[in-house]
Amino acid sequence: MYQALYLKSRPLVFGDVRGQDHITVSLRRQSEQGRLSHAYLFIGSRGTGKTTCARILARAACCESLSGGDPCNKCPACESILSESAVDVVEIDGATYTGVDDIRAVRDELAYTPAALRRKVYIIDEVHMLSVSAFNALLKSLEEPPPHVLFILATTEPHKLPATVVSRCQRFRFARLSPEIIADRLQVLAKTEGAVLAPDAAALLAESADGSMRDGISLLDQCLAASGGLPVDTPSVRKLLGLTGSPDIRDWLGLIIEGNTAAALAKLDEMYAGGAEPPVLLEQLALLLRSALMDALRGKAAALPAERAVDMLTQLRGFAAGKTSGIGRRIDAELCVIKLCSLAAAPTVPPAARTEPPPSAPAPAAESAARTQPAPAPPAAERPAPPPGDILSRVAAEAGPLCAGYLESARIEETPSGLRVTVYDEFAAKMLRESDFTARLAAKFPGEHRVIAGEPPAPALRSLDALAQDNKGIVTEI
Ligand SMILES: [Zn+2]
């Protein structure tokens, strides 16, 4: 029987899990020292290794011959869990078993000692889907668990969990995986499958996986099936993903930057007729615009000024937020293109605070120059001292025109080490981090300043997030 590459390639020991070292090192140490907690909560977006780690942890908790905290995967206990025949290891899908009766059944079973293994392990995936009454039943179990019971809860949406459940678990936050980590893994897997995967094809797959190893591997699986033994290259990946070639998108962006609405709409028509999906096209356009913006921010020659790119990206993101379906998508995309062209054609208001680096400055020195600050110094000297007032307006005054927009819904705290700026959006945080924002802050406020992305302002989540940040992703038991 054909087995999906993702299942076949699932890591069997902690050391094989990619990109989550902050978690796997800690879990392996706890396992080695025999100091496992009775309840864990794994938080993270899809495909980041939560279930994989839960299963390794379940085996480590029951293994008869641990090796350095890792399960041996050979003893009868490990084998029975691997073959999914162990009655003492129960996997529950929160999305299916949402009722209180299911959790009560679990609770009633807890009193009995394990049938064959050292421990009874309950892995509850998507635990946020449980009903309120199911949570209450679960809470009772978490409060006074018998010593032989191990709970591993996993969720993509921790803010939907009652704080009382969260606080009874040792919590770990799984990071979104970088495209480099995913691309590396895809290369290794392709090789073990006896296939050739071009490096830029691996990079394109990794980019499309959006931080999820599972999605990346599934895409590779599809590519391998479609390739019929031929090397997997960029055009074949593009075809599979329904992406249009980047020359087309580059031309399209060129027309938009020129403000040539009629030609930009005609180009959209042409690509649409070729089978491209409007949301995918706009997404590709956004990626290209983003790299133009990054070039502009780093002082490289860019296709358009940074302020303009920010305006256009904001417009594109607005389109992505209001995604419609069917024919509406095409009309929305056309309206979006018209808006973008008018933004591009609008006269530029030269921002007072931004001065271009002198053209004589050698290009390679630009970055280090920005760090040692001769470049930002003149505007800082010209500007008056930050106005007295609340910390947010003082920081906003330092932010410069490019960054100020991202601070609109920000929360700023003064910590012993420096300022902590929380913006409710990963994109905004990234933009601020990649700009000279913290350097500008450092010129006016003492200490080390950090920009972090918070999440929607739900109290339970926000405090969790702050804890996770303070502990580099590991929230330890309370
Ligand atoms: Zn074992």
# chains A, B, ... in the order shown; residues from 1 in each chain; ligands from 1
>>> select_by_dssp(residues="segment 131-160 of chain A", states="helix (DSSP H, G or I)", output="NGL selection string")
:A and (132-143 or 158-160)
>>> residues_near_ligand(ligand="ligand 1", cutoff="12 Å", atoms="only C-alpha atoms and all ligand atoms", output="PyMOL selection string")
chain A and resi 12-13+56-82+117-118
>>> write_last_selection(atoms="N, CA, C and O atoms", output="short mmCIF file (atom, residue, chain, number, x, y, z; two decimals), in the first residue's frame")
data_model
loop_
_atom_site.label_atom_id
_atom_site.label_comp_id
_atom_site.auth_asym_id
_atom_site.auth_seq_id
_atom_site.Cartn_x
_atom_site.Cartn_y
_atom_site.Cartn_z
N LEU A 12 11.46 9.83 14.64
CA LEU A 12 11.20 8.82 15.67
C LEU A 12 11.86 9.16 17.01
O LEU A 12 11.52 8.57 18.02
N VAL A 13 12.83 10.08 16.99
CA VAL A 13 13.46 10.51 18.25
C VAL A 13 13.48 12.03 18.28
O VAL A 13 13.35 12.68 17.25
N ILE A 56 6.51 10.94 20.27
CA ILE A 56 7.85 10.59 20.77
C ILE A 56 7.82 10.63 22.29
O ILE A 56 8.35 9.73 22.96
N LEU A 57 7.17 11.66 22.82
CA LEU A 57 7.09 11.79 24.28
C LEU A 57 6.32 10.62 24.90
O LEU A 57 6.72 10.10 25.95
N ALA A 58 5.25 10.21 24.23
CA ALA A 58 4.47 9.07 24.73
C ALA A 58 5.34 7.82 24.80
O ALA A 58 5.31 7.07 25.79
N ARG A 59 6.15 7.59 23.78
CA ARG A 59 7.03 6.41 23.80
C ARG A 59 8.12 6.55 24.85
O ARG A 59 8.44 5.60 25.55
N ALA A 60 8.67 7.79 24.96
CA ALA A 60 9.72 8.00 25.96
C ALA A 60 9.18 7.72 27.36
O ALA A 60 9.90 7.21 28.22
N ALA A 61 7.90 8.05 27.58
CA ALA A 61 7.32 7.86 28.91
C ALA A 61 7.12 6.37 29.23
O ALA A 61 7.05 5.99 30.40
N CYS A 62 7.01 5.55 28.20
CA CYS A 62 6.71 4.13 28.41
C CYS A 62 7.88 3.21 28.09
O CYS A 62 7.85 2.02 28.44
N CYS A 63 8.91 3.72 27.42
CA CYS A 63 10.00 2.88 26.91
C CYS A 63 10.69 2.12 28.03
O CYS A 63 10.87 2.63 29.13
N GLU A 64 11.09 0.89 27.73
CA GLU A 64 11.75 0.05 28.73
C GLU A 64 13.27 0.20 28.68
O GLU A 64 13.97 -0.27 29.58
N SER A 65 13.81 0.77 27.63
CA SER A 65 15.26 1.01 27.62
C SER A 65 15.57 2.33 26.93
O SER A 65 16.05 2.38 25.81
N LEU A 66 15.28 3.42 27.66
CA LEU A 66 15.53 4.76 27.15
C LEU A 66 16.99 4.93 26.80
O LEU A 66 17.85 4.39 27.49
N SER A 67 17.26 5.67 25.73
CA SER A 67 18.66 5.97 25.48
C SER A 67 18.84 7.49 25.43
O SER A 67 18.39 8.13 24.49
N GLY A 68 19.42 8.01 26.49
CA GLY A 68 19.64 9.46 26.60
C GLY A 68 18.36 10.26 26.53
O GLY A 68 18.35 11.35 25.97
N GLY A 69 17.26 9.71 27.07
CA GLY A 69 16.00 10.44 27.08
C GLY A 69 15.14 10.16 25.86
O GLY A 69 13.96 10.48 25.84
N ASP A 70 15.73 9.58 24.82
CA ASP A 70 14.96 9.23 23.62
C ASP A 70 14.39 7.82 23.77
O ASP A 70 15.02 6.96 24.38
N PRO A 71 13.21 7.58 23.18
CA PRO A 71 12.70 6.20 23.18
C PRO A 71 13.59 5.31 22.30
O PRO A 71 14.15 5.79 21.33
N CYS A 72 13.71 4.00 22.68
CA CYS A 72 14.58 3.11 21.89
C CYS A 72 13.90 2.68 20.60
O CYS A 72 14.56 2.33 19.62
N ASN A 73 12.55 2.75 20.55
CA ASN A 73 11.76 2.36 19.37
C ASN A 73 11.92 0.89 19.00
O ASN A 73 11.57 0.48 17.89
N LYS A 74 12.49 0.06 19.95
CA LYS A 74 12.67 -1.36 19.66
C LYS A 74 12.02 -2.25 20.71
O LYS A 74 11.64 -3.38 20.42
N CYS A 75 11.91 -1.76 21.95
CA CYS A 75 11.37 -2.60 23.02
C CYS A 75 9.88 -2.88 22.75
O CYS A 75 9.27 -2.19 21.93
N PRO A 76 9.30 -3.88 23.43
CA PRO A 76 7.89 -4.19 23.19
C PRO A 76 6.97 -2.99 23.40
O PRO A 76 6.02 -2.79 22.64
N ALA A 77 7.28 -2.16 24.41
CA ALA A 77 6.43 -0.98 24.67
C ALA A 77 6.47 -0.04 23.48
O ALA A 77 5.43 0.36 22.94
N CYS A 78 7.70 0.32 23.03
CA CYS A 78 7.83 1.22 21.88
C CYS A 78 7.15 0.63 20.65
O CYS A 78 6.42 1.33 19.93
N GLU A 79 7.39 -0.67 20.44
CA GLU A 79 6.83 -1.30 19.23
C GLU A 79 5.31 -1.27 19.23
O GLU A 79 4.70 -1.01 18.20
N SER A 80 4.73 -1.53 20.41
CA SER A 80 3.26 -1.56 20.44
C SER A 80 2.70 -0.17 20.18
O SER A 80 1.66 -0.01 19.54
N ILE A 81 3.40 0.87 20.67
CA ILE A 81 2.91 2.23 20.42
C ILE A 81 3.09 2.59 18.94
O ILE A 81 2.19 3.16 18.31
N LEU A 82 4.26 2.23 18.40
CA LEU A 82 4.52 2.54 16.99
C LEU A 82 3.51 1.87 16.06
O LEU A 82 3.10 2.43 15.05
N LEU A 117 1.59 -1.12 29.75
CA LEU A 117 2.73 -0.22 29.76
C LEU A 117 2.93 0.42 31.13
O LEU A 117 2.14 0.21 32.04
N ARG A 118 4.00 1.21 31.23
CA ARG A 118 4.29 1.88 32.49
C ARG A 118 3.30 2.99 32.80
O ARG A 118 3.06 3.33 33.94
#
>>> closest_residue(among="A:Leu241, A:Gly211, A:Ser435, A:Ala39", to="Ala226 of chain A", atoms="only C-alpha atoms")
A:Leu241
>>> residues_around(residues="Glu207 of chain A", least_positions_apart="5", cutoff="10 Å", atoms="only C-alpha atoms", output="list in words")
Ser178, Pro179, Glu180, Ile182, Ala183, Ala201, Ala202, Ser212 and Gly216 of chain A
>>> closest_residue(among="A:Gly94, A:Ala115, A:Ala86, A:Leu153", to="Ala54 of chain A", atoms="only C-alpha atoms")
A:Leu153
>>> residues_around(residues="segment 20-31 of chain A", least_positions_apart="4", cutoff="7 Å", atoms="only C-alpha atoms", output="list of chain:residue names")
A:Phe14, A:Gly15, A:Arg35, A:Leu36, A:Ala60, A:Gly69, A:Asp70, A:Phe172, A:Phe174, A:Ala175, A:Ile474
>>> write_last_selection(atoms="N, CA, C and O atoms", output="PDB file, in the first residue's frame")
ATOM      1  N   PHE A  14      13.660  12.583  19.491  1.00  0.00           N
ATOM      2  CA  PHE A  14      13.597  14.044  19.648  1.00  0.00           C
ATOM      3  C   PHE A  14      14.588  14.755  18.735  1.00  0.00           C
ATOM      4  O   PHE A  14      14.288  15.792  18.160  1.00  0.00           O
ATOM      5  N   GLY A  15      15.801  14.195  18.600  1.00  0.00           N
ATOM      6  CA  GLY A  15      16.846  14.855  17.827  1.00  0.00           C
ATOM      7  C   GLY A  15      16.508  15.007  16.350  1.00  0.00           C
ATOM      8  O   GLY A  15      17.095  15.832  15.665  1.00  0.00           O
ATOM      9  N   ARG A  35      11.824  13.017  35.037  1.00  0.00           N
ATOM     10  CA  ARG A  35      11.074  14.092  35.667  1.00  0.00           C
ATOM     11  C   ARG A  35       9.991  14.629  34.748  1.00  0.00           C
ATOM     12  O   ARG A  35       9.782  15.835  34.640  1.00  0.00           O
ATOM     13  N   LEU A  36       9.291  13.734  34.074  1.00  0.00           N
ATOM     14  CA  LEU A  36       8.219  14.175  33.181  1.00  0.00           C
ATOM     15  C   LEU A  36       7.064  14.727  33.997  1.00  0.00           C
ATOM     16  O   LEU A  36       6.766  14.218  35.079  1.00  0.00           O
ATOM     17  N   ALA A  60       8.668   7.785  24.960  1.00  0.00           N
ATOM     18  CA  ALA A  60       9.719   8.003  25.959  1.00  0.00           C
ATOM     19  C   ALA A  60       9.179   7.723  27.364  1.00  0.00           C
ATOM     20  O   ALA A  60       9.899   7.206  28.222  1.00  0.00           O
ATOM     21  N   GLY A  69      17.261   9.715  27.072  1.00  0.00           N
ATOM     22  CA  GLY A  69      16.002  10.443  27.075  1.00  0.00           C
ATOM     23  C   GLY A  69      15.141  10.164  25.855  1.00  0.00           C
ATOM     24  O   GLY A  69      13.958  10.484  25.837  1.00  0.00           O
ATOM     25  N   ASP A  70      15.728   9.578  24.821  1.00  0.00           N
ATOM     26  CA  ASP A  70      14.961   9.230  23.622  1.00  0.00           C
ATOM     27  C   ASP A  70      14.391   7.817  23.768  1.00  0.00           C
ATOM     28  O   ASP A  70      15.023   6.956  24.376  1.00  0.00           O
ATOM     29  N   PHE A 172       4.554  24.395  25.872  1.00  0.00           N
ATOM     30  CA  PHE A 172       5.629  24.591  24.903  1.00  0.00           C
ATOM     31  C   PHE A 172       5.043  25.206  23.641  1.00  0.00           C
ATOM     32  O   PHE A 172       4.013  24.752  23.160  1.00  0.00           O
ATOM     33  N   PHE A 174       5.501  25.866  19.769  1.00  0.00           N
ATOM     34  CA  PHE A 174       6.236  25.405  18.581  1.00  0.00           C
ATOM     35  C   PHE A 174       6.350  26.541  17.581  1.00  0.00           C
ATOM     36  O   PHE A 174       5.360  27.180  17.244  1.00  0.00           O
ATOM     37  N   ALA A 175       7.580  26.765  17.107  1.00  0.00           N
ATOM     38  CA  ALA A 175       7.816  27.871  16.179  1.00  0.00           C
ATOM     39  C   ALA A 175       7.407  27.471  14.770  1.00  0.00           C
ATOM     40  O   ALA A 175       7.455  26.293  14.404  1.00  0.00           O
ATOM     41  N   ILE A 474       9.760  28.688  25.714  1.00  0.00           N
ATOM     42  CA  ILE A 474       9.396  27.646  26.666  1.00  0.00           C
ATOM     43  C   ILE A 474       8.686  28.299  27.837  1.00  0.00           C
ATOM     44  O   ILE A 474       9.216  29.184  28.475  1.00  0.00           O
TER      45      ILE A 474
END
>>> residues_around(residues="Ile391 of chain A", least_positions_apart="6", cutoff="10 Å", atoms="only C-alpha atoms", output="PyMOL selection string")
chain A and resi 397+411-414+419
>>> write_last_selection(atoms="N, CA and C atoms", output="tab-separated table (two decimals), in the first residue's frame")
chain	number	residue	atom	x	y	z
A	397	ALA	N	6.96	59.25	17.85
A	397	ALA	CA	7.69	60.41	17.34
A	397	ALA	C	9.07	60.01	16.84
A	411	ARG	N	1.31	48.13	21.75
A	411	ARG	CA	1.34	48.24	23.19
A	411	ARG	C	2.82	48.39	23.54
A	412	ILE	N	3.16	49.36	24.34
A	412	ILE	CA	4.57	49.58	24.65
A	412	ILE	C	4.77	49.51	26.16
A	413	GLU	N	5.70	48.67	26.56
A	413	GLU	CA	5.98	48.55	27.99
A	413	GLU	C	7.44	48.87	28.25
A	414	GLU	N	7.69	49.49	29.39
A	414	GLU	CA	9.07	49.72	29.80
A	414	GLU	C	9.49	48.56	30.69
A	419	LEU	N	12.68	48.86	26.13
A	419	LEU	CA	11.27	48.93	25.73
A	419	LEU	C	10.85	47.63	25.06
>>> atom_distance(atom1="atom CA of Tyr2 of chain A", atom2="atom CA of Asp215 of chain A")
18.1 Å
>>> closest_residue(among="A:Glu91, A:Asp436, A:Asp108, A:Asp248", to="Glu398 of chain A", atoms="only C-alpha atoms")
A:Asp436
>>> select_by_dssp(residues="segment 134-340 of chain A", states="strand (DSSP E)", output="JSON, numbers by chain")
{"A": [149, 150, 151, 152, 153, 154, 155, 170, 171, 172, 173]}
>>> residues_around(residues="Pro158 of chain A", least_positions_apart="3", cutoff="7 Å", atoms="only C-alpha atoms", output="VMD selection string")
chain A and resid 43 128 155 161 461
>>> closest_residue(among="A:Leu304, A:Leu110, A:Ala345, A:Cys53", to="Asn260 of chain A", atoms="only C-alpha atoms")
A:Ala345
>>> residues_around(residues="Leu186 of chain A", least_positions_apart="5", cutoff="10 Å", atoms="only C-alpha atoms", output="list in words")
Glu180, Ile181, Lys191, Thr192, Leu197, Pro199, Ala201, Ala202, Ala203, Leu205, Ala206, Met213, Gly216, Ile217, Leu219, Leu220 and Asp221 of chain A
>>> write_last_selection(atoms="N, CA, C and O atoms", output="PDB file, in the first residue's frame")
ATOM      1  N   GLU A 180      14.225  27.809   5.034  1.00  0.00           N
ATOM      2  CA  GLU A 180      15.521  27.121   4.893  1.00  0.00           C
ATOM      3  C   GLU A 180      15.454  25.734   5.535  1.00  0.00           C
ATOM      4  O   GLU A 180      15.911  24.746   4.943  1.00  0.00           O
ATOM      5  N   ILE A 181      14.882  25.661   6.737  1.00  0.00           N
ATOM      6  CA  ILE A 181      14.786  24.367   7.427  1.00  0.00           C
ATOM      7  C   ILE A 181      13.929  23.396   6.611  1.00  0.00           C
ATOM      8  O   ILE A 181      14.272  22.228   6.430  1.00  0.00           O
ATOM      9  N   LYS A 191      16.255  12.848  -1.697  1.00  0.00           N
ATOM     10  CA  LYS A 191      17.404  11.961  -1.918  1.00  0.00           C
ATOM     11  C   LYS A 191      17.078  10.536  -1.460  1.00  0.00           C
ATOM     12  O   LYS A 191      17.357   9.581  -2.187  1.00  0.00           O
ATOM     13  N   THR A 192      16.456  10.389  -0.283  1.00  0.00           N
ATOM     14  CA  THR A 192      16.136   9.038   0.183  1.00  0.00           C
ATOM     15  C   THR A 192      15.096   8.361  -0.710  1.00  0.00           C
ATOM     16  O   THR A 192      15.025   7.146  -0.777  1.00  0.00           O
ATOM     17  N   LEU A 197      15.869  16.835  -6.715  1.00  0.00           N
ATOM     18  CA  LEU A 197      15.081  18.040  -6.443  1.00  0.00           C
ATOM     19  C   LEU A 197      16.006  19.242  -6.591  1.00  0.00           C
ATOM     20  O   LEU A 197      16.979  19.374  -5.843  1.00  0.00           O
ATOM     21  N   PRO A 199      17.614  22.821  -6.188  1.00  0.00           N
ATOM     22  CA  PRO A 199      17.596  23.681  -4.999  1.00  0.00           C
ATOM     23  C   PRO A 199      16.553  24.795  -5.068  1.00  0.00           C
ATOM     24  O   PRO A 199      15.862  25.053  -4.076  1.00  0.00           O
ATOM     25  N   ALA A 201      13.796  24.752  -6.728  1.00  0.00           N
ATOM     26  CA  ALA A 201      12.474  24.115  -6.621  1.00  0.00           C
ATOM     27  C   ALA A 201      12.162  23.809  -5.159  1.00  0.00           C
ATOM     28  O   ALA A 201      11.039  24.012  -4.688  1.00  0.00           O
ATOM     29  N   ALA A 202      13.191  23.342  -4.407  1.00  0.00           N
ATOM     30  CA  ALA A 202      13.014  23.079  -2.975  1.00  0.00           C
ATOM     31  C   ALA A 202      12.661  24.372  -2.248  1.00  0.00           C
ATOM     32  O   ALA A 202      11.774  24.399  -1.390  1.00  0.00           O
ATOM     33  N   ALA A 203      13.340  25.463  -2.635  1.00  0.00           N
ATOM     34  CA  ALA A 203      13.085  26.751  -1.990  1.00  0.00           C
ATOM     35  C   ALA A 203      11.657  27.223  -2.264  1.00  0.00           C
ATOM     36  O   ALA A 203      10.977  27.735  -1.368  1.00  0.00           O
ATOM     37  N   LEU A 205       9.018  25.301  -2.984  1.00  0.00           N
ATOM     38  CA  LEU A 205       8.103  24.449  -2.211  1.00  0.00           C
ATOM     39  C   LEU A 205       8.082  24.902  -0.756  1.00  0.00           C
ATOM     40  O   LEU A 205       7.021  25.007  -0.133  1.00  0.00           O
ATOM     41  N   ALA A 206       9.278  25.174  -0.202  1.00  0.00           N
ATOM     42  CA  ALA A 206       9.378  25.567   1.202  1.00  0.00           C
ATOM     43  C   ALA A 206       8.657  26.876   1.448  1.00  0.00           C
ATOM     44  O   ALA A 206       7.970  27.047   2.455  1.00  0.00           O
ATOM     45  N   MET A 213       5.957  22.045   8.050  1.00  0.00           N
ATOM     46  CA  MET A 213       6.741  20.948   7.487  1.00  0.00           C
ATOM     47  C   MET A 213       5.817  19.956   6.801  1.00  0.00           C
ATOM     48  O   MET A 213       6.128  19.432   5.735  1.00  0.00           O
ATOM     49  N   GLY A 216       4.880  21.185   3.435  1.00  0.00           N
ATOM     50  CA  GLY A 216       6.032  21.129   2.540  1.00  0.00           C
ATOM     51  C   GLY A 216       6.257  19.721   2.014  1.00  0.00           C
ATOM     52  O   GLY A 216       6.463  19.497   0.814  1.00  0.00           O
ATOM     53  N   ILE A 217       6.181  18.734   2.938  1.00  0.00           N
ATOM     54  CA  ILE A 217       6.437  17.350   2.538  1.00  0.00           C
ATOM     55  C   ILE A 217       5.304  16.837   1.641  1.00  0.00           C
ATOM     56  O   ILE A 217       5.543  16.114   0.673  1.00  0.00           O
ATOM     57  N   LEU A 219       3.546  18.611  -0.421  1.00  0.00           N
ATOM     58  CA  LEU A 219       3.744  19.202  -1.754  1.00  0.00           C
ATOM     59  C   LEU A 219       4.836  18.453  -2.504  1.00  0.00           C
ATOM     60  O   LEU A 219       4.710  18.171  -3.696  1.00  0.00           O
ATOM     61  N   LEU A 220       5.916  18.107  -1.772  1.00  0.00           N
ATOM     62  CA  LEU A 220       7.000  17.347  -2.410  1.00  0.00           C
ATOM     63  C   LEU A 220       6.471  16.003  -2.903  1.00  0.00           C
ATOM     64  O   LEU A 220       6.781  15.557  -4.012  1.00  0.00           O
ATOM     65  N   ASP A 221       5.651  15.382  -2.064  1.00  0.00           N
ATOM     66  CA  ASP A 221       5.057  14.087  -2.401  1.00  0.00           C
ATOM     67  C   ASP A 221       4.293  14.189  -3.725  1.00  0.00           C
ATOM     68  O   ASP A 221       4.448  13.350  -4.627  1.00  0.00           O
TER      69      ASP A 221
END
>>> decode(residues="segment 238-290 of chain A", atoms="C-alpha atoms", output="PDB file, in the first residue's frame")
ATOM      1  CA  ARG A 238       5.094  26.196 -10.432  1.00  0.00           C
ATOM      2  CA  LYS A 239       2.718  24.175 -12.553  1.00  0.00           C
ATOM      3  CA  LEU A 240       1.700  22.022  -9.617  1.00  0.00           C
ATOM      4  CA  LEU A 241       1.167  24.977  -7.317  1.00  0.00           C
ATOM      5  CA  GLY A 242      -0.741  26.913  -9.978  1.00  0.00           C
ATOM      6  CA  LEU A 243       1.824  29.712  -9.805  1.00  0.00           C
ATOM      7  CA  THR A 244       2.495  31.986 -12.731  1.00  0.00           C
ATOM      8  CA  GLY A 245       6.091  32.421 -13.784  1.00  0.00           C
ATOM      9  CA  SER A 246       7.874  35.299 -12.089  1.00  0.00           C
ATOM     10  CA  PRO A 247       8.666  37.126 -15.387  1.00  0.00           C
ATOM     11  CA  ASP A 248       4.911  37.565 -15.900  1.00  0.00           C
ATOM     12  CA  ILE A 249       4.423  38.910 -12.393  1.00  0.00           C
ATOM     13  CA  ARG A 250       7.449  41.182 -12.757  1.00  0.00           C
ATOM     14  CA  ASP A 251       6.019  42.634 -15.988  1.00  0.00           C
ATOM     15  CA  TRP A 252       2.685  43.076 -14.283  1.00  0.00           C
ATOM     16  CA  LEU A 253       4.233  44.915 -11.329  1.00  0.00           C
ATOM     17  CA  GLY A 254       6.175  47.084 -13.807  1.00  0.00           C
ATOM     18  CA  LEU A 255       2.916  48.185 -15.472  1.00  0.00           C
ATOM     19  CA  ILE A 256       1.327  48.881 -12.100  1.00  0.00           C
ATOM     20  CA  ILE A 257       4.303  50.970 -10.940  1.00  0.00           C
ATOM     21  CA  GLU A 258       4.048  52.953 -14.174  1.00  0.00           C
ATOM     22  CA  GLY A 259       0.433  53.602 -13.263  1.00  0.00           C
ATOM     23  CA  ASN A 260      -0.634  52.110 -16.608  1.00  0.00           C
ATOM     24  CA  THR A 261      -4.071  50.864 -15.511  1.00  0.00           C
ATOM     25  CA  ALA A 262      -5.304  49.663 -18.892  1.00  0.00           C
ATOM     26  CA  ALA A 263      -2.186  47.579 -19.590  1.00  0.00           C
ATOM     27  CA  ALA A 264      -2.111  46.209 -16.008  1.00  0.00           C
ATOM     28  CA  LEU A 265      -5.748  45.082 -16.334  1.00  0.00           C
ATOM     29  CA  ALA A 266      -5.010  43.509 -19.716  1.00  0.00           C
ATOM     30  CA  LYS A 267      -2.112  41.605 -18.157  1.00  0.00           C
ATOM     31  CA  LEU A 268      -4.401  40.360 -15.385  1.00  0.00           C
ATOM     32  CA  ASP A 269      -6.898  39.229 -18.023  1.00  0.00           C
ATOM     33  CA  GLU A 270      -4.190  37.382 -19.911  1.00  0.00           C
ATOM     34  CA  MET A 271      -2.955  35.521 -16.821  1.00  0.00           C
ATOM     35  CA  TYR A 272      -6.546  34.775 -15.738  1.00  0.00           C
ATOM     36  CA  ALA A 273      -7.263  33.301 -19.151  1.00  0.00           C
ATOM     37  CA  GLY A 274      -4.148  31.170 -18.730  1.00  0.00           C
ATOM     38  CA  GLY A 275      -5.767  29.545 -15.676  1.00  0.00           C
ATOM     39  CA  ALA A 276      -4.196  31.555 -12.856  1.00  0.00           C
ATOM     40  CA  GLU A 277      -6.295  32.258  -9.768  1.00  0.00           C
ATOM     41  CA  PRO A 278      -6.684  35.969  -8.916  1.00  0.00           C
ATOM     42  CA  PRO A 279      -5.874  35.548  -5.167  1.00  0.00           C
ATOM     43  CA  VAL A 280      -2.718  33.563  -6.018  1.00  0.00           C
ATOM     44  CA  LEU A 281      -1.655  36.237  -8.518  1.00  0.00           C
ATOM     45  CA  LEU A 282      -2.110  39.003  -5.981  1.00  0.00           C
ATOM     46  CA  GLU A 283      -0.217  36.964  -3.389  1.00  0.00           C
ATOM     47  CA  GLN A 284       2.711  36.620  -5.798  1.00  0.00           C
ATOM     48  CA  LEU A 285       2.487  40.323  -6.524  1.00  0.00           C
ATOM     49  CA  ALA A 286       2.636  41.037  -2.793  1.00  0.00           C
ATOM     50  CA  LEU A 287       5.765  38.875  -2.410  1.00  0.00           C
ATOM     51  CA  LEU A 288       7.488  40.754  -5.229  1.00  0.00           C
ATOM     52  CA  LEU A 289       6.446  44.109  -3.783  1.00  0.00           C
ATOM     53  CA  ARG A 290       7.727  43.006  -0.412  1.00  0.00           C
TER      54      ARG A 290
END
